[in-house]
Every structure is written in C-alpha cells, then in structure tokens.
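*Asks:* As input, take upload-v4.cif (mmCIF, C-alpha atoms):
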```
data_upload
#
loop_
_atom_site.group_PDB
_atom_site.id
_atom_site.type_symbol
_atom_site.label_atom_id
_atom_site.label_comp_id
_atom_site.auth_asym_id
_atom_site.auth_seq_id
_atom_site.Cartn_x
_atom_site.Cartn_y
_atom_site.Cartn_z
ATOM 1 C CA ALA P 5 30.427 -44.379 -41.246
ATOM 2 C CA TYR P 6 27.456 -46.647 -40.877
ATOM 3 C CA VAL P 7 24.505 -44.669 -39.558
ATOM 4 C CA ARG P 8 22.712 -46.601 -36.846
ATOM 5 C CA GLY P 9 18.956 -46.670 -36.408
ATOM 6 C CA SER P 10 16.028 -47.286 -38.697
ATOM 7 C CA ARG P 11 14.069 -44.114 -37.912
ATOM 8 C CA PRO P 12 15.286 -40.716 -39.162
ATOM 9 C CA ASP P 13 15.258 -39.172 -35.669
ATOM 10 C CA ASP P 14 17.383 -42.062 -34.334
ATOM 11 C CA GLN P 15 19.771 -41.694 -37.277
ATOM 12 C CA LEU P 16 20.109 -37.949 -36.678
ATOM 13 C CA ARG P 17 20.865 -38.499 -32.991
ATOM 14 C CA ASP P 18 23.463 -41.160 -33.862
ATOM 15 C CA VAL P 19 25.310 -38.825 -36.249
ATOM 16 C CA LEU P 20 25.121 -35.886 -33.843
ATOM 17 C CA GLU P 21 26.354 -37.888 -30.858
ATOM 18 C CA ARG P 22 29.240 -39.556 -32.696
ATOM 19 C CA PHE P 23 30.507 -36.665 -34.792
ATOM 20 C CA ALA P 24 29.215 -33.544 -32.960
ATOM 21 C CA PRO P 25 29.338 -31.415 -36.114
ATOM 22 C CA GLY P 26 29.223 -27.648 -35.992
ATOM 23 C CA LEU P 27 25.638 -26.571 -36.572
ATOM 24 C CA LYS P 28 24.574 -23.530 -38.583
ATOM 25 C CA PRO P 29 20.801 -23.888 -38.880
ATOM 26 C CA TRP P 30 18.792 -21.913 -41.408
ATOM 27 C CA THR P 31 21.851 -21.013 -43.513
ATOM 28 C CA ARG P 32 21.719 -23.538 -46.373
ATOM 29 C CA CYS P 33 19.272 -24.382 -49.148
ATOM 30 C CA THR P 34 17.651 -27.786 -48.768
ATOM 31 C CA ALA P 35 17.501 -28.145 -52.570
ATOM 32 C CA CYS P 36 21.118 -27.426 -53.580
ATOM 33 C CA ASN P 37 23.025 -26.596 -50.344
ATOM 34 C CA GLY P 38 23.638 -23.031 -51.515
ATOM 35 C CA VAL P 39 23.938 -20.200 -49.003
ATOM 36 C CA LEU P 40 20.703 -18.521 -47.907
ATOM 37 C CA ALA P 41 20.567 -14.739 -47.839
ATOM 38 C CA PRO P 42 17.831 -12.422 -46.579
ATOM 39 C CA VAL P 43 15.597 -11.041 -49.306
ATOM 40 C CA ASP P 44 13.087 -8.186 -49.187
ATOM 41 C CA LYS P 45 9.485 -9.254 -49.504
ATOM 42 C CA GLN P 46 8.967 -6.735 -52.314
ATOM 43 C CA GLU P 47 11.591 -8.531 -54.422
ATOM 44 C CA ILE P 48 9.758 -11.859 -54.312
ATOM 45 C CA GLU P 49 6.083 -10.949 -53.883
ATOM 46 C CA ARG P 50 5.197 -12.092 -57.410
ATOM 47 C CA GLU P 51 6.622 -15.555 -56.652
ATOM 48 C CA LEU P 52 4.543 -16.095 -53.499
ATOM 49 C CA ALA P 53 1.115 -17.631 -53.123
ATOM 50 C CA ASP P 54 -1.516 -15.193 -51.824
ATOM 51 C CA GLY P 55 -1.727 -16.833 -48.385
ATOM 52 C CA THR P 56 2.037 -16.852 -47.961
ATOM 53 C CA ARG P 57 2.308 -13.222 -49.028
ATOM 54 C CA ARG P 58 -0.379 -12.222 -46.501
ATOM 55 C CA SER P 59 0.928 -14.349 -43.630
ATOM 56 C CA TYR P 60 4.708 -13.876 -43.652
ATOM 57 C CA ASP P 61 7.098 -10.950 -43.883
ATOM 58 C CA VAL P 62 10.584 -12.451 -43.458
ATOM 59 C CA TYR P 63 12.138 -14.391 -46.336
ATOM 60 C CA GLY P 64 15.421 -15.834 -47.481
ATOM 61 C CA ARG P 65 16.599 -16.833 -50.936
ATOM 62 C CA CYS P 66 19.247 -19.296 -52.027
ATOM 63 C CA THR P 67 22.130 -17.472 -53.660
ATOM 64 C CA GLU P 68 22.701 -20.467 -55.973
ATOM 65 C CA CYS P 69 19.321 -21.755 -57.190
ATOM 66 C CA GLY P 70 16.975 -18.929 -56.139
ATOM 67 C CA GLN P 71 14.696 -21.066 -53.946
ATOM 68 C CA VAL P 72 12.709 -18.852 -51.553
ATOM 69 C CA TYR P 73 12.296 -19.773 -47.873
ATOM 70 C CA TRP P 74 10.175 -18.492 -45.003
ATOM 71 C CA ARG P 75 9.248 -19.726 -41.563
ATOM 72 C CA GLY P 76 6.000 -21.481 -42.407
ATOM 73 C CA ALA P 77 3.438 -23.387 -40.408
ATOM 74 C CA HIS P 78 6.021 -26.123 -39.782
ATOM 75 C CA GLY P 79 8.552 -23.611 -38.367
ATOM 76 C CA ASP P 80 7.914 -24.372 -34.696
ATOM 77 C CA HIS P 81 8.365 -28.105 -35.274
ATOM 78 C CA LEU P 82 11.617 -27.540 -37.172
ATOM 79 C CA GLU P 83 12.868 -25.158 -34.491
ATOM 80 C CA ARG P 84 12.352 -27.883 -31.854
ATOM 81 C CA ILE P 85 14.368 -30.327 -33.977
ATOM 82 C CA VAL P 86 17.187 -27.775 -34.305
ATOM 83 C CA GLN P 87 17.197 -26.993 -30.576
ATOM 84 C CA ASP P 88 17.260 -30.705 -29.711
ATOM 85 C CA ALA P 89 20.125 -31.226 -32.166
ATOM 86 C CA ALA P 90 22.076 -28.360 -30.618
ATOM 87 C CA ARG P 91 21.631 -29.895 -27.159
ATOM 88 C CA VAL P 92 22.805 -33.323 -28.360
ATOM 89 C CA VAL P 93 25.905 -31.786 -29.975
ATOM 90 C CA ALA P 94 26.664 -29.672 -26.884
ATOM 91 C CA ASP P 95 26.329 -32.741 -24.658
ATOM 92 C CA ALA P 96 28.546 -34.813 -26.972
ATOM 93 C CA ARG P 97 31.207 -32.120 -26.999
ATOM 94 C CA THR P 98 31.025 -31.717 -23.228
ATOM 95 C CA ASP P 99 31.392 -35.483 -22.796
ATOM 96 C CA ALA P 100 34.433 -35.323 -25.097
ATOM 97 C CA GLY P 101 35.883 -32.428 -23.094
ATOM 98 C CA GLU P 102 35.557 -29.898 -25.924
ATOM 99 C CA ASP P 103 34.610 -26.243 -25.693
ATOM 100 C CA VAL P 104 30.941 -25.926 -26.686
ATOM 101 C CA ALA P 105 31.002 -22.223 -27.567
ATOM 102 C CA GLY P 106 29.528 -21.476 -30.973
ATOM 103 C CA VAL P 107 27.011 -24.317 -31.099
ATOM 104 C CA ALA P 108 23.663 -22.852 -32.094
#
```
Spell out the structure here as structure tokens.
*Replies:*
Amino acid sequence: AYVRGSRPDDQLRDVLERFAPGLKPWTRCTACNGVLAPVDKQEIERELADGTRRSYDVYGRCTECGQVYWRGAHGDHLERIVQDAARVVADARTDAGEDVAGVA
C-alpha cells in the first residue's frame, strides 16, 4: 500500500486508520524485531552507563540480539505516541464495526 503523508506522524496515522493492526507495544526490539523479555538489573549492570544504572531499575533485553531497553527520559513522549496510536486503531475498528477488545 502507498503510505500517505510526508511527515512520520501523518504516515503512522494513515497506516493505523486504514489497516487497524493489532498493537503490542514494548514487546519487540527496534534493532532486529526480536522478542523483548524482562531482565534483572544485576544481569546487565556492567553493560549500563553509570547514570542509567543509577536512574532506572526496570529493563528488558532482546532475546535475539541482546539489545537492552529501559524506559528512559523519552519514555513519556513514546507512551503518548503509543496511547494515541491505540486510540486511532480503536476508533478505526469501531468505525468498521469490529470488536476493539485487546487493543493496548
């Protein structure tokens, strides 16, 4: 499909409205698309920068490539994007007469 819009936020909205995909935020690696799994801080402490180690306690790791994730300073902004996306998908499914249960 041709994605409409020249700005990334417009493109995202276009895809969400037209296809209303199931959303599973915070479950996939942005580097390789592997599955993210919780990881104990003690397991990865040596890999973290001092400020990150001091500031955060909850981490995930990609089961495929090993990339480590945490909710950083940008977390609130990303959470707003995810919540907006969930609303767009729910609205699109409602407009299409679909059950919206399970959209997160």
*Asks:* Find the residues around region 93-102 of chain P up to 9 Å (only C-alpha atoms counted), leave out those fewer than 2 positions away in its own chain, and share them as a ChimeraX atom specification.
*Replies:* /P:17,20-27,88-91,104-105,107
*Asks:* Those residues with C-alpha atoms, as a compact mmCIF listing (two decimals), in the coordinates of the input please?
*Replies:*
```txt
# COMPACT_ATOMS: atom_id res chain seq x y z
CA ARG P 17 20.86 -38.50 -32.99
CA LEU P 20 25.12 -35.89 -33.84
CA GLU P 21 26.35 -37.89 -30.86
CA ARG P 22 29.24 -39.56 -32.70
CA PHE P 23 30.51 -36.66 -34.79
CA ALA P 24 29.22 -33.54 -32.96
CA PRO P 25 29.34 -31.42 -36.11
CA GLY P 26 29.22 -27.65 -35.99
CA LEU P 27 25.64 -26.57 -36.57
CA ASP P 88 17.26 -30.70 -29.71
CA ALA P 89 20.12 -31.23 -32.17
CA ALA P 90 22.08 -28.36 -30.62
CA ARG P 91 21.63 -29.90 -27.16
CA VAL P 104 30.94 -25.93 -26.69
CA ALA P 105 31.00 -22.22 -27.57
CA VAL P 107 27.01 -24.32 -31.10
```
*Asks:* As an exercise, work out the distance from CA of Arg8 (chain P) to CA of Gly38 (chain P) in Å and give it to one decimal place.
*Replies:*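 Spanning CA of Arg8 (chain P) to CA of Gly38 (chain P) is a straight-line distance of 27.8 Å.
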*Asks:* Run the PyMOL selection byres ((chain P and resi 46-55) around 12) mentally over the shown coordinates, then write out the matched residues as a PDB file with C-alpha atoms, in the coordinates of the input, using the chain letters and numbers from the document.
*Replies:*
```
ATOM      1  CA  PRO P  42      17.831 -12.422 -46.579  1.00  0.00           C
ATOM      2  CA  VAL P  43      15.597 -11.041 -49.306  1.00  0.00           C
ATOM      3  CA  ASP P  44      13.087  -8.186 -49.187  1.00  0.00           C
ATOM      4  CA  LYS P  45       9.485  -9.254 -49.504  1.00  0.00           C
ATOM      5  CA  THR P  56       2.037 -16.852 -47.961  1.00  0.00           C
ATOM      6  CA  ARG P  57       2.308 -13.222 -49.028  1.00  0.00           C
ATOM      7  CA  ARG P  58      -0.379 -12.222 -46.501  1.00  0.00           C
ATOM      8  CA  SER P  59       0.928 -14.349 -43.630  1.00  0.00           C
ATOM      9  CA  TYR P  60       4.708 -13.876 -43.652  1.00  0.00           C
ATOM     10  CA  ASP P  61       7.098 -10.950 -43.883  1.00  0.00           C
ATOM     11  CA  VAL P  62      10.584 -12.451 -43.458  1.00  0.00           C
ATOM     12  CA  TYR P  63      12.138 -14.391 -46.336  1.00  0.00           C
ATOM     13  CA  GLY P  64      15.421 -15.834 -47.481  1.00  0.00           C
ATOM     14  CA  ARG P  65      16.599 -16.833 -50.936  1.00  0.00           C
ATOM     15  CA  GLY P  70      16.975 -18.929 -56.139  1.00  0.00           C
ATOM     16  CA  GLN P  71      14.696 -21.066 -53.946  1.00  0.00           C
ATOM     17  CA  VAL P  72      12.709 -18.852 -51.553  1.00  0.00           C
ATOM     18  CA  TYR P  73      12.296 -19.773 -47.873  1.00  0.00           C
ATOM     19  CA  TRP P  74      10.175 -18.492 -45.003  1.00  0.00           C
ATOM     20  CA  GLY P  76       6.000 -21.481 -42.407  1.00  0.00           C
ATOM     21  CA  ALA P  77       3.438 -23.387 -40.408  1.00  0.00           C
TER      22      ALA P  77
END
```
*Asks:* Of the candidates P:Glu68, P:Val19, P:Pro29, P:Ala5, which one gets nearest to Val86 (chain P) if we count all atoms listed in the file?
*Replies:* P:Pro29
*Asks:* Between P:Pro12, P:Cys36, P:Trp30, P:Val7, which is the closest to Arg75 (chain P) once you count only C-alpha atoms?
*Replies:*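 With only C-alpha atoms as the atom set, the closest residue is P:Trp30.
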*Asks:* Would you please work out which residue, of P:His81, P:Arg32, P:Val92, P:Gln87, is nearest to Asp18 (chain P) when using only C-alpha atoms?
*Replies:*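 Looking at the shortest contact to Asp18 (chain P), the residue is P:Val92.
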*Asks:* Quick one: distance from CA of Thr67 (chain P) to CA of Ala41 (chain P) in Å, one decimal?
*Replies:*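 Computing it gives 6.6 Å between the two atoms.
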*Asks:* Work out how far CA of Arg84 (chain P) is from CA of Gln15 (chain P), in Å to one decimal.
*Replies:*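 Computing the Euclidean distance for CA of Gln15 (chain P) and CA of Arg84 (chain P) yields 16.6 Å.
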*Asks:* Would you mind completing region 75-86 of chain P to all heavy atoms and writing the output as a CSV table (one decimal), keeping the file's coordinate frame?
*Replies:*
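See out.csv below for the written result:
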```
chain,number,residue,atom,x,y,z
P,75,ARG,N,9.6,-18.9,-42.7
P,75,ARG,CA,9.2,-19.7,-41.6
P,75,ARG,C,7.8,-20.0,-41.6
P,75,ARG,O,6.9,-19.2,-41.2
P,75,ARG,CB,9.6,-19.0,-40.3
P,75,ARG,CG,9.4,-19.9,-39.1
P,75,ARG,CD,9.7,-19.1,-37.8
P,75,ARG,NE,9.3,-19.8,-36.6
P,75,ARG,CZ,10.2,-20.5,-35.8
P,75,ARG,NH1,11.5,-20.4,-36.1
P,75,ARG,NH2,9.7,-21.1,-34.8
P,76,GLY,N,7.4,-21.1,-42.2
P,76,GLY,CA,6.0,-21.5,-42.4
P,76,GLY,C,5.3,-22.1,-41.2
P,76,GLY,O,5.9,-22.1,-40.1
P,77,ALA,N,4.2,-22.8,-41.5
P,77,ALA,CA,3.4,-23.4,-40.4
P,77,ALA,C,4.2,-24.5,-39.7
P,77,ALA,O,4.0,-24.8,-38.5
P,77,ALA,CB,2.2,-24.0,-41.0
P,78,HIS,N,5.2,-25.1,-40.4
P,78,HIS,CA,6.0,-26.1,-39.8
P,78,HIS,C,7.2,-25.6,-39.0
P,78,HIS,O,8.0,-26.3,-38.5
P,78,HIS,CB,6.5,-27.0,-40.9
P,78,HIS,CG,7.3,-26.3,-41.9
P,78,HIS,ND1,6.7,-25.5,-42.9
P,78,HIS,CD2,8.6,-26.2,-42.2
P,78,HIS,CE1,7.7,-25.0,-43.6
P,78,HIS,NE2,8.8,-25.4,-43.2
P,79,GLY,N,7.4,-24.2,-39.0
P,79,GLY,CA,8.6,-23.6,-38.4
P,79,GLY,C,8.8,-24.0,-36.9
P,79,GLY,O,9.9,-24.2,-36.5
P,80,ASP,N,7.7,-24.0,-36.1
P,80,ASP,CA,7.9,-24.4,-34.7
P,80,ASP,C,8.4,-25.8,-34.5
P,80,ASP,O,9.3,-26.1,-33.7
P,80,ASP,CB,6.6,-24.2,-33.9
P,80,ASP,CG,6.2,-22.7,-33.8
P,80,ASP,OD1,7.1,-21.9,-33.9
P,80,ASP,OD2,5.0,-22.5,-33.5
P,81,HIS,N,7.9,-26.7,-35.3
P,81,HIS,CA,8.4,-28.1,-35.3
P,81,HIS,C,9.8,-28.2,-35.7
P,81,HIS,O,10.6,-28.9,-35.0
P,81,HIS,CB,7.5,-29.0,-36.2
P,81,HIS,CG,8.0,-30.4,-36.3
P,81,HIS,ND1,7.9,-31.3,-35.2
P,81,HIS,CD2,8.6,-31.1,-37.3
P,81,HIS,CE1,8.4,-32.4,-35.6
P,81,HIS,NE2,8.8,-32.3,-36.8
P,82,LEU,N,10.2,-27.5,-36.7
P,82,LEU,CA,11.6,-27.5,-37.2
P,82,LEU,C,12.5,-26.9,-36.1
P,82,LEU,O,13.6,-27.4,-35.9
P,82,LEU,CB,11.8,-26.8,-38.5
P,82,LEU,CG,11.1,-27.5,-39.7
P,82,LEU,CD1,11.2,-26.7,-41.0
P,82,LEU,CD2,11.7,-28.9,-39.9
P,83,GLU,N,12.1,-25.8,-35.5
P,83,GLU,CA,12.9,-25.2,-34.5
P,83,GLU,C,13.1,-26.1,-33.3
P,83,GLU,O,14.2,-26.1,-32.8
P,83,GLU,CB,12.2,-23.9,-34.0
P,83,GLU,CG,13.0,-23.1,-33.0
P,83,GLU,CD,14.3,-22.6,-33.6
P,83,GLU,OE1,14.4,-22.2,-34.8
P,83,GLU,OE2,15.3,-22.5,-32.9
P,84,ARG,N,12.1,-26.9,-32.9
P,84,ARG,CA,12.4,-27.9,-31.9
P,84,ARG,C,13.4,-28.9,-32.3
P,84,ARG,O,14.3,-29.3,-31.4
P,84,ARG,CB,11.0,-28.6,-31.5
P,84,ARG,CG,10.1,-27.7,-30.6
P,84,ARG,CD,9.0,-28.5,-30.0
P,84,ARG,NE,8.1,-29.1,-31.0
P,84,ARG,CZ,7.1,-28.4,-31.7
P,84,ARG,NH1,6.9,-27.1,-31.4
P,84,ARG,NH2,6.3,-29.0,-32.5
P,85,ILE,N,13.4,-29.4,-33.5
P,85,ILE,CA,14.4,-30.3,-34.0
P,85,ILE,C,15.8,-29.7,-33.9
P,85,ILE,O,16.7,-30.4,-33.4
P,85,ILE,CB,14.0,-30.8,-35.4
P,85,ILE,CG1,12.8,-31.6,-35.4
P,85,ILE,CG2,15.2,-31.6,-36.0
P,85,ILE,CD1,12.3,-32.0,-36.8
P,86,VAL,N,15.9,-28.5,-34.3
P,86,VAL,CA,17.2,-27.8,-34.3
P,86,VAL,C,17.7,-27.6,-32.9
P,86,VAL,O,18.9,-27.8,-32.6
P,86,VAL,CB,17.1,-26.4,-35.0
P,86,VAL,CG1,18.3,-25.6,-34.8
P,86,VAL,CG2,16.9,-26.6,-36.5
```
